[in-house]
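Asker: Input start23.cif, format and content: mmCIF, C-alpha atoms and all ligand atoms.
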```cif
data_coords
#
loop_
_atom_site.label_atom_id
_atom_site.label_comp_id
_atom_site.auth_asym_id
_atom_site.auth_seq_id
_atom_site.Cartn_x
_atom_site.Cartn_y
_atom_site.Cartn_z
CA MET A 252 125.02 137.54 63.61
CA GLY A 253 128.53 138.53 62.60
CA ALA A 254 130.75 136.29 60.53
CA VAL A 255 134.17 136.22 62.14
CA SER A 256 136.34 134.01 60.00
CA ALA A 257 139.20 132.18 61.63
CA CYS A 258 141.67 132.00 58.76
CA GLU A 259 141.45 135.60 57.59
CA LYS A 260 142.35 138.75 59.41
CA TRP A 261 138.79 140.09 59.08
CA LEU A 262 137.41 141.07 62.42
CA TYR A 263 134.01 141.18 60.79
CA GLU A 264 132.65 140.50 57.32
CA ASN A 265 129.06 140.61 56.17
CA SER A 266 126.84 141.63 53.24
CA PHE A 267 123.50 143.38 53.50
CA PRO A 268 120.95 143.42 50.66
CA VAL A 269 119.09 146.64 49.83
CA ASP A 270 115.95 146.72 47.67
CA GLY A 271 115.42 149.46 45.12
CA GLY A 272 112.32 151.59 45.64
CA ASN A 273 111.70 150.58 49.23
CA PHE A 274 111.80 153.94 51.01
CA ASP A 275 109.93 152.66 54.07
CA ASP A 276 112.91 150.56 55.01
CA ALA A 277 115.61 153.04 53.94
CA GLY A 278 118.24 153.52 56.62
CA ARG A 279 117.79 150.08 58.16
CA VAL A 280 121.03 148.63 56.79
CA SER A 281 123.09 151.69 57.71
CA GLY A 282 121.56 151.60 61.19
CA ARG A 283 122.56 147.97 61.57
CA ILE A 284 126.08 148.61 60.35
CA LYS A 285 126.45 151.48 62.80
CA THR A 286 125.29 149.26 65.66
CA ILE A 287 127.71 146.49 64.65
CA LEU A 288 130.68 148.87 64.52
CA LYS A 289 129.75 150.46 67.84
CA GLU A 290 129.41 147.09 69.51
CA MET A 291 132.85 146.12 68.19
CA GLY A 292 134.22 149.13 70.03
CA ILE A 293 135.38 150.88 66.84
CA GLU A 294 136.25 154.51 67.57
CA ASN A 295 133.43 157.06 67.28
CA ASP A 296 134.85 159.04 64.36
CA VAL A 297 135.10 155.90 62.24
CA VAL A 298 131.58 154.84 63.18
CA ARG A 299 130.24 158.26 62.23
CA MET A 300 132.04 158.25 58.87
CA ALA A 301 130.72 154.76 58.15
CA ALA A 302 127.19 155.87 59.08
CA VAL A 303 127.23 158.70 56.53
CA ILE A 304 128.81 156.55 53.82
CA THR A 305 126.42 153.63 54.24
CA TYR A 306 123.33 155.83 54.58
CA GLU A 307 124.01 157.81 51.40
CA SER A 308 124.85 154.58 49.56
CA GLU A 309 121.71 152.90 50.79
CA ILE A 310 119.54 155.84 49.76
CA ASN A 311 121.08 155.92 46.29
CA ILE A 312 120.32 152.22 45.80
CA VAL A 313 116.76 152.75 47.00
CA SER A 314 116.37 155.85 44.82
CA TYR A 315 118.00 154.75 41.57
CA ALA A 316 118.77 151.03 41.41
CA ARG A 317 116.75 147.80 41.33
CA HIS A 318 118.75 145.99 43.91
CA GLY A 319 122.04 146.36 45.70
CA MET A 320 124.36 144.97 48.30
CA ILE A 321 126.40 146.74 50.97
CA ARG A 322 129.41 144.75 52.13
CA LEU A 323 131.13 145.60 55.37
CA HIS A 324 134.64 144.40 56.09
CA VAL A 325 136.31 145.34 59.33
CA LEU A 326 140.04 144.79 59.64
CA PRO A 327 142.36 145.88 62.43
CA GLU A 328 143.67 148.80 60.36
CA TYR A 329 140.61 149.91 58.44
CA VAL A 330 136.92 149.54 57.62
CA GLU A 331 136.11 148.75 54.02
CA ILE A 332 132.65 149.37 52.60
CA GLU A 333 131.73 148.07 49.18
CA VAL A 334 128.45 148.97 47.50
CA VAL A 335 127.38 147.14 44.38
CA ASP A 336 124.05 147.60 42.64
CA GLU A 337 122.12 146.34 39.66
CA GLY A 338 120.55 149.32 37.99
CA PRO A 339 120.81 151.92 35.27
CA GLY A 340 124.38 152.88 36.13
CA ILE A 341 125.77 156.41 35.81
CA SER A 342 126.74 157.59 32.33
CA ASP A 343 128.76 160.63 33.42
CA ILE A 344 130.39 160.07 36.79
CA ARG A 345 132.05 163.49 36.80
CA LEU A 346 128.67 165.15 36.44
CA ALA A 347 127.10 162.89 39.09
CA MET A 348 129.91 163.82 41.50
CA GLN A 349 129.16 167.51 41.00
CA GLN A 350 127.59 168.99 44.11
CA GLY A 351 124.00 169.95 43.33
CA TRP A 352 123.59 167.74 40.27
CA SER A 353 120.67 165.37 40.69
CA THR A 354 118.16 163.39 38.66
CA ALA A 355 115.95 162.78 41.71
CA THR A 356 112.23 162.70 40.92
CA ASP A 357 109.70 164.93 42.69
CA LYS A 358 108.67 161.96 44.82
CA ILE A 359 112.25 161.51 46.01
CA ARG A 360 112.66 165.24 46.64
CA GLU A 361 109.50 165.33 48.73
CA MET A 362 111.17 162.95 51.14
CA GLY A 363 114.11 165.30 51.61
CA PHE A 364 116.53 163.77 49.12
CA GLY A 365 117.81 165.09 45.82
CA ALA A 366 120.22 167.80 46.94
CA GLY A 367 122.89 166.26 44.74
CA MET A 368 125.17 165.92 47.75
CA GLY A 369 125.15 162.20 48.53
CA LEU A 370 128.11 161.04 46.45
CA ASN A 371 130.12 164.04 47.66
CA ASN A 372 129.30 163.13 51.23
CA ILE A 373 130.46 159.58 50.59
CA ARG A 374 133.76 160.83 49.18
CA ASN A 375 134.27 163.43 51.92
CA PHE A 376 133.62 160.96 54.72
CA SER A 377 136.02 158.32 53.32
CA ASP A 378 139.79 158.19 53.39
CA ILE A 379 139.81 156.33 50.08
CA PHE A 380 136.92 156.52 47.62
CA HIS A 381 136.46 154.72 44.34
CA ILE A 382 133.47 154.73 42.00
CA SER A 383 132.86 152.93 38.74
CA SER A 384 129.74 152.29 36.73
CA ASP A 385 128.49 150.46 33.65
CA VAL A 386 125.47 152.00 31.98
CA GLY A 387 122.61 149.54 31.87
CA SER A 388 124.28 147.27 34.38
CA GLY A 389 125.08 148.98 37.67
CA THR A 390 127.30 151.03 39.92
CA ARG A 391 130.08 150.02 42.27
CA LEU A 392 131.56 152.04 45.13
CA LYS A 393 134.46 151.14 47.36
CA MET A 394 135.38 153.15 50.44
CA ILE A 395 138.04 152.79 53.08
CA ILE A 396 138.12 154.43 56.49
CA HIS A 397 141.38 154.12 58.39
CA ILE A 398 141.27 153.13 62.02
CA GLN A 399 143.71 155.09 64.17
CA GLN A 400 145.91 152.61 66.00
CA GLU A 401 146.13 153.26 69.75
CA GLN A 402 149.92 153.46 69.72
CA ASN A 403 149.95 156.01 66.89
CA ARG A 404 147.93 158.58 68.79
CA MET B 1131 122.74 172.54 77.95
CA ASN B 1132 120.12 170.07 79.06
CA LEU B 1133 117.44 169.27 76.45
CA GLU B 1134 114.66 169.63 79.01
CA THR B 1135 115.64 173.25 79.76
CA ILE B 1136 115.18 174.14 76.09
CA VAL B 1137 111.93 172.17 75.83
CA GLN B 1138 110.52 174.07 78.84
CA ALA B 1139 111.74 177.51 77.79
CA LEU B 1140 110.43 177.24 74.24
CA GLN B 1141 107.36 175.19 75.14
CA LEU B 1142 108.15 172.47 72.65
CA ARG B 1143 105.47 169.78 72.40
CA VAL B 1144 107.10 166.46 73.13
CA LYS B 1145 105.96 163.75 70.68
CA SER B 1146 108.53 161.06 71.51
CA GLY B 1147 111.72 160.34 73.41
CA ARG B 1148 110.49 161.81 76.69
CA ASP B 1149 112.97 159.78 78.71
CA ARG B 1150 115.87 161.31 76.80
CA LEU B 1151 115.13 164.89 77.86
CA GLY B 1152 117.98 164.73 80.34
CA GLY B 1153 120.38 164.55 77.39
CA GLU B 1154 122.90 167.23 76.52
CA VAL B 1155 122.40 169.67 73.64
CA ARG B 1156 125.73 170.76 72.22
CA GLY B 1157 124.53 172.82 69.29
CA GLY B 1158 122.01 172.97 66.50
CA TYR B 1159 121.50 172.61 62.80
CA VAL B 1160 118.76 173.86 60.47
CA GLY B 1161 117.88 172.12 57.23
CA ASP B 1162 115.32 170.23 55.20
CA LEU B 1163 117.73 168.48 52.82
CA LEU B 1164 118.75 165.18 54.39
CA SER B 1165 122.15 164.99 52.70
CA ASP B 1166 122.96 168.46 53.99
CA VAL B 1167 122.05 167.47 57.53
CA MET B 1168 123.88 164.18 57.11
CA ALA B 1169 127.07 166.03 56.16
CA ASN B 1170 126.96 169.06 58.41
CA SER B 1171 125.10 168.28 61.63
CA ARG B 1172 127.10 167.12 64.61
CA GLU B 1173 126.59 164.77 67.50
CA GLY B 1174 124.40 166.38 70.17
CA ASP B 1175 122.85 168.93 67.79
CA LEU B 1176 119.18 169.84 67.97
CA TRP B 1177 117.86 169.63 64.42
CA ILE B 1178 115.34 172.23 63.31
CA THR B 1179 113.37 171.26 60.21
CA ARG B 1180 110.07 171.24 58.35
CA GLN B 1181 110.78 167.85 56.84
CA ILE B 1182 108.20 165.39 58.20
CA HIS B 1183 108.98 162.22 56.26
CA GLN B 1184 110.13 159.27 58.36
CA ASN B 1185 113.66 159.46 56.95
CA ILE B 1186 114.37 162.25 59.47
CA VAL B 1187 114.38 159.62 62.23
CA ALA B 1188 117.11 157.57 60.54
CA VAL B 1189 119.23 160.69 60.03
CA ALA B 1190 118.85 161.80 63.66
CA SER B 1191 119.70 158.32 64.86
CA LEU B 1192 122.71 157.79 62.56
CA LYS B 1193 124.15 161.22 63.45
CA ASP B 1194 123.47 160.92 67.21
CA LEU B 1195 121.46 164.14 67.22
CA ALA B 1196 119.88 165.35 70.47
CA GLY B 1197 116.46 165.61 68.87
CA ILE B 1198 114.31 166.93 66.03
CA ILE B 1199 112.15 170.06 66.22
CA LEU B 1200 109.43 170.33 63.60
CA VAL B 1201 108.72 174.04 63.21
CA LEU B 1202 105.77 176.12 61.93
CA GLY B 1203 103.32 173.62 63.40
CA ALA B 1204 104.38 170.86 61.00
CA GLU B 1205 102.87 167.53 62.05
CA PRO B 1206 105.04 164.43 61.82
CA ALA B 1207 103.74 161.84 59.35
CA ALA B 1208 102.16 158.86 61.16
CA ASP B 1209 105.01 156.50 60.30
CA THR B 1210 107.54 159.16 61.32
CA LEU B 1211 106.07 159.34 64.80
CA GLU B 1212 105.86 155.56 65.04
CA LYS B 1213 109.50 155.22 64.07
CA ALA B 1214 110.61 157.99 66.43
CA ILE B 1215 108.85 156.25 69.30
CA ARG B 1216 110.29 152.86 68.33
CA GLU B 1217 113.85 154.23 68.06
CA ASN B 1218 113.41 156.55 71.03
CA ILE B 1219 114.42 159.71 69.16
CA PRO B 1220 113.17 162.93 70.80
CA LEU B 1221 110.75 164.58 68.38
CA PHE B 1222 109.14 167.94 69.12
CA MET B 1223 106.53 170.19 67.56
CA ALA B 1224 106.62 173.97 67.70
CA ASP B 1225 104.74 176.86 66.12
CA LEU B 1226 107.71 179.19 65.68
CA PRO B 1227 109.38 179.42 62.27
CA ALA B 1228 112.88 177.99 61.85
CA PHE B 1229 114.67 181.37 61.97
CA GLU B 1230 113.21 182.31 65.34
CA MET B 1231 113.60 178.84 66.75
CA ALA B 1232 117.28 178.78 65.80
CA GLY B 1233 117.80 182.29 67.22
CA ARG B 1234 116.26 181.44 70.56
CA ILE B 1235 118.14 178.20 70.94
CA TYR B 1236 121.39 179.85 69.90
CA GLN B 1237 120.89 182.47 72.57
CA MET B 1238 120.33 179.82 75.20
CA ILE B 1239 123.30 177.68 74.23
CA CYS B 1240 125.82 180.39 73.28
CA PRO B 1241 124.77 183.44 75.33
CA ARG B 1242 128.14 185.14 75.14
CA LYS B 1243 128.37 184.85 71.38
CA ALA B 1244 124.77 185.93 70.67
N1 LIG C 1301 123.52 153.91 42.44
C1 LIG C 1301 123.18 154.78 41.44
N2 LIG C 1301 122.66 154.33 40.29
C2 LIG C 1301 122.31 155.19 39.30
N3 LIG C 1301 122.45 156.52 39.39
C3 LIG C 1301 122.97 157.02 40.53
C4 LIG C 1301 123.36 156.19 41.62
N4 LIG C 1301 123.86 156.95 42.61
C5 LIG C 1301 123.78 158.21 42.17
N5 LIG C 1301 123.25 158.27 40.90
C6 LIG C 1301 123.05 159.47 40.06
O1 LIG C 1301 123.93 160.49 40.53
C7 LIG C 1301 123.19 161.65 40.95
C8 LIG C 1301 123.88 162.30 42.13
O2 LIG C 1301 123.83 161.42 43.27
P1 LIG C 1301 123.98 162.02 44.74
O3 LIG C 1301 123.79 160.93 45.71
O4 LIG C 1301 125.24 162.79 44.79
O5 LIG C 1301 122.79 163.07 44.83
P2 LIG C 1301 121.22 162.78 44.88
O6 LIG C 1301 120.96 161.36 45.23
O7 LIG C 1301 120.63 163.26 43.60
O8 LIG C 1301 120.75 163.74 46.07
P3 LIG C 1301 121.12 163.57 47.63
O9 LIG C 1301 122.04 162.38 47.74
O10 LIG C 1301 121.77 164.84 48.03
O11 LIG C 1301 119.83 163.34 48.33
C9 LIG C 1301 121.80 161.11 41.22
O12 LIG C 1301 120.81 162.12 41.11
C10 LIG C 1301 121.65 160.03 40.16
O13 LIG C 1301 121.35 160.60 38.91
MG MG C 1302 121.97 160.49 46.90
#
```
How does the structure come out when it is put into structure tokens?
Answerer:
Amino acid sequence: MGAVSACEKWLYENSFPVDGGNFDDAGRVSGRIKTILKEMGIENDVVRMAAVITYESEINIVSYARHGMIRLHVLPEYVEIEVVDEGPGISDIRLAMQQGWSTATDKIREMGFGAGMGLNNIRNFSDIFHISSDVGSGTRLKMIIHIQQEQNR
Amino acid sequence: MNLETIVQALQLRVKSGRDRLGGEVRGGYVGDLLSDVMANSREGDLWITRQIHQNIVAVASLKDLAGIILVLGAEPAADTLEKAIRENIPLFMADLPAFEMAGRIYQMICPRKA
């Protein structure tokens, strides 16, 4: 299941596709990523941060994009999560990052989304957060969560 | 506090996750906005909500919540119940409104503070 490459220092590296519009399946990829990290014995706090980040990212792809990919890289020092989608992109990232700002449709809101909190959650639950977007093409997120080394505790 | 104690005291109707009633409840959270619950609930919380869409199961599972209480007699959607059973997430139904449910549970869990 997991790709552990011999030449690199990745402990784990894999990409998970997410389909736009498929709300029935939403949360499946984040659930899998959580299970993978737990089974690797990654500390609980890191697993929990990754769960929030990947879930909010997954829901945003499902809600707004046509298709996307969540890439998980686990290294000894940190977990890196990259989210790339093909979709409308975000024209004003500052506005999109504002808590409470949302373009969610009524259908999306009925399912409990659309609080305008997701991107904030992603930022708050990452140690490093980067977002960029091209209108008409897609959005790209990159997050890093540091893993506390045993000896540093 | 043990989940079963709360289920008994408040006569919650158990819809799924019966074998997890021995689990520990550490606190609670009330909310219908999934991103709010995602950000602010904590492991071991009992989640009080009126949201019945199946996404509540993913949130409870990802956040390691103790269970979900649907208040005011809200019925889980069919696929919500299916998913809760499949993922073994304790899901309960209750007639009380969220305010009262939260108050009662708070009193049980934090009697000195209440
Ligand atoms: N991948 C994306 N592609 C296009 N637009 C996006 C994307 N992600 C977010 N947005 C835009 O940014 C807004 C804010 O996103 P955010 O995740 O913070 O809140 P939300 O999805 O509206 O609600 P919530 O996440 O709280 O359920 C969205 O309403 C949408 O307009
Ligand atoms: Mg969102």
Asker: Give me, as a VMD selection string, the contact residues of chain A against chain B at a cut-off of 7 Å, counting all atoms listed in the file.
Answerer: chain A and resid 278 282 299 302 to 303 362 to 364 366 368 to 369 372
Asker: With only C-alpha atoms as the counted atoms, please give the residues lying no more than 12 Å from region 344-348 of chain A, apart from itself and same-chain residues fewer than 3 positions off, as a PyMOL selection string.
Answerer: chain A and resi 311+340-341+351-355+365-375+380-386+390-392
Asker: Near Asp296 (chain A), within 10 Å and counting all atoms listed in the file, which residues show up once chain neighbours fewer than 4 positions away are dropped, as an NGL selection string?
Answerer: :A and (300-302 or 376 or 396 or 398-399)
Asker: Report the distance between CA of Glu361 (chain A) and CA of Ser1146 (chain B) in Å, rounded to one decimal place.
Answerer: 23.2 Å
Asker: May I have the protein, DNA and RNA residues with an atom at most 9 Å from (124.0, 171.7, 72.4), counting only C-alpha atoms in the file's coordinates, returned as a list in words?
Answerer: Met1131, Asn1132, Leu1133, Glu1154, Val1155, Arg1156, Gly1157, Gly1158, Glu1173, Gly1174, Asp1175, Leu1176, Ala1196, Ile1235, Tyr1236, Ile1239 and Cys1240 of chain B
Asker: As an exercise, work out the distance from CA of Leu1211 (chain B) to CA of Asp357 (chain A) in Å and give it to one decimal place.
Answerer: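 These two atoms are separated by 23.1 Å.
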Asker: List the spatial neighbours of Leu323 (chain A) as an MDAnalysis selection string - criterion: any atom at most 8 Å away, all atoms listed in the file, same-chain residues fewer than 5 positions off excluded.
Answerer: chainID A and resid 263:266 284 330:333
Asker: Nearest to ligand LIG 1301 (chain C) among B:Val1167, B:Ala1214, B:Met1231, B:Tyr1159, with distances taken over only C-alpha atoms and all ligand atoms: which residue is it?
Answerer: B:Val1167
Asker: Given the choices A:Ile312, A:Ile304, A:Val298, A:Leu288, which gets closest to ligand LIG 1301 (chain C) if the distance is worked out from all atoms listed in the file?
Answerer: A:Ile312
Asker: In Å to one decimal, how far is CA of Glu309 (chain A) from atom N1 of ligand LIG 1301 (chain C)?
Answerer: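 Here the two named atoms are 8.6 Å from each other.
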Asker: Box in all listed atoms of region 284-290 of chain A, axis-aligned, with 5 Å more on each side; write out centre and edge lengths in Å to one decimal as lines of an AutoDock Vina configuration file.
Answerer:
```
center_x = 128.0
center_y = 149.0
center_z = 64.9
size_x = 15.4
size_y = 15.0
size_z = 19.2
```
Asker: Restricting the calculation to all atoms listed in the file: of A:Phe274, A:Trp261, A:Phe267, A:Tyr315, which residue gets closest to ligand LIG 1301 (chain C)?
Answerer: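 Closest candidate: A:Tyr315.
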Asker: Find the spatial neighbours of Val313 (chain A), counting only C-alpha atoms, within a cut-off of 9 Å - ignore same-chain residues fewer than 3 positions away - and output them as a list in words.
Answerer: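 Contacts, with the query itself left out: Val269, Asp270, Gly271, Gly272, Asn273, Phe274, Ala277, Ser308, Glu309, Ile310, Ala316, Arg317, His318 and Gly319 of chain A.
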Asker: May I have the selected residues written with C-alpha atoms, as a tab-separated table (two decimals), in the frame of the given file?
Answerer:
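again_10.tsv was written with the following content:
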```
chain	number	residue	atom	x	y	z
A	269	VAL	CA	119.09	146.64	49.83
A	270	ASP	CA	115.95	146.72	47.67
A	271	GLY	CA	115.42	149.46	45.12
A	272	GLY	CA	112.32	151.59	45.64
A	273	ASN	CA	111.70	150.58	49.23
A	274	PHE	CA	111.80	153.94	51.01
A	277	ALA	CA	115.61	153.04	53.94
A	308	SER	CA	124.85	154.58	49.56
A	309	GLU	CA	121.71	152.90	50.79
A	310	ILE	CA	119.54	155.84	49.76
A	316	ALA	CA	118.77	151.03	41.41
A	317	ARG	CA	116.75	147.80	41.33
A	318	HIS	CA	118.75	145.99	43.91
A	319	GLY	CA	122.04	146.36	45.70
```
Asker: Under the rule that all atoms listed in the file are counted, which of B:Leu1142, B:Ala1190, B:Leu1200, B:Ala1232 is the nearest residue to Asn1218 (chain B)?
Answerer: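 Of the candidates, the smallest distance to Asn1218 (chain B) is held by B:Ala1190.
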Asker: May I ask which of the residues A:Thr356, A:Ile287, A:Thr305, A:Ile293 is the closest one to Glu328 (chain A), counting all atoms listed in the file?
Answerer: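 Counting all atoms listed in the file, the residue closest to Glu328 (chain A) is A:Ile293.
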Asker: When you count only C-alpha atoms and all ligand atoms, which of these residues is closest to ligand LIG 1301 (chain C): A:Lys260, A:Lys393, A:Arg283, A:Arg360?
Answerer: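 Using only C-alpha atoms and all ligand atoms, the shortest distance to ligand LIG 1301 (chain C) belongs to A:Arg360.
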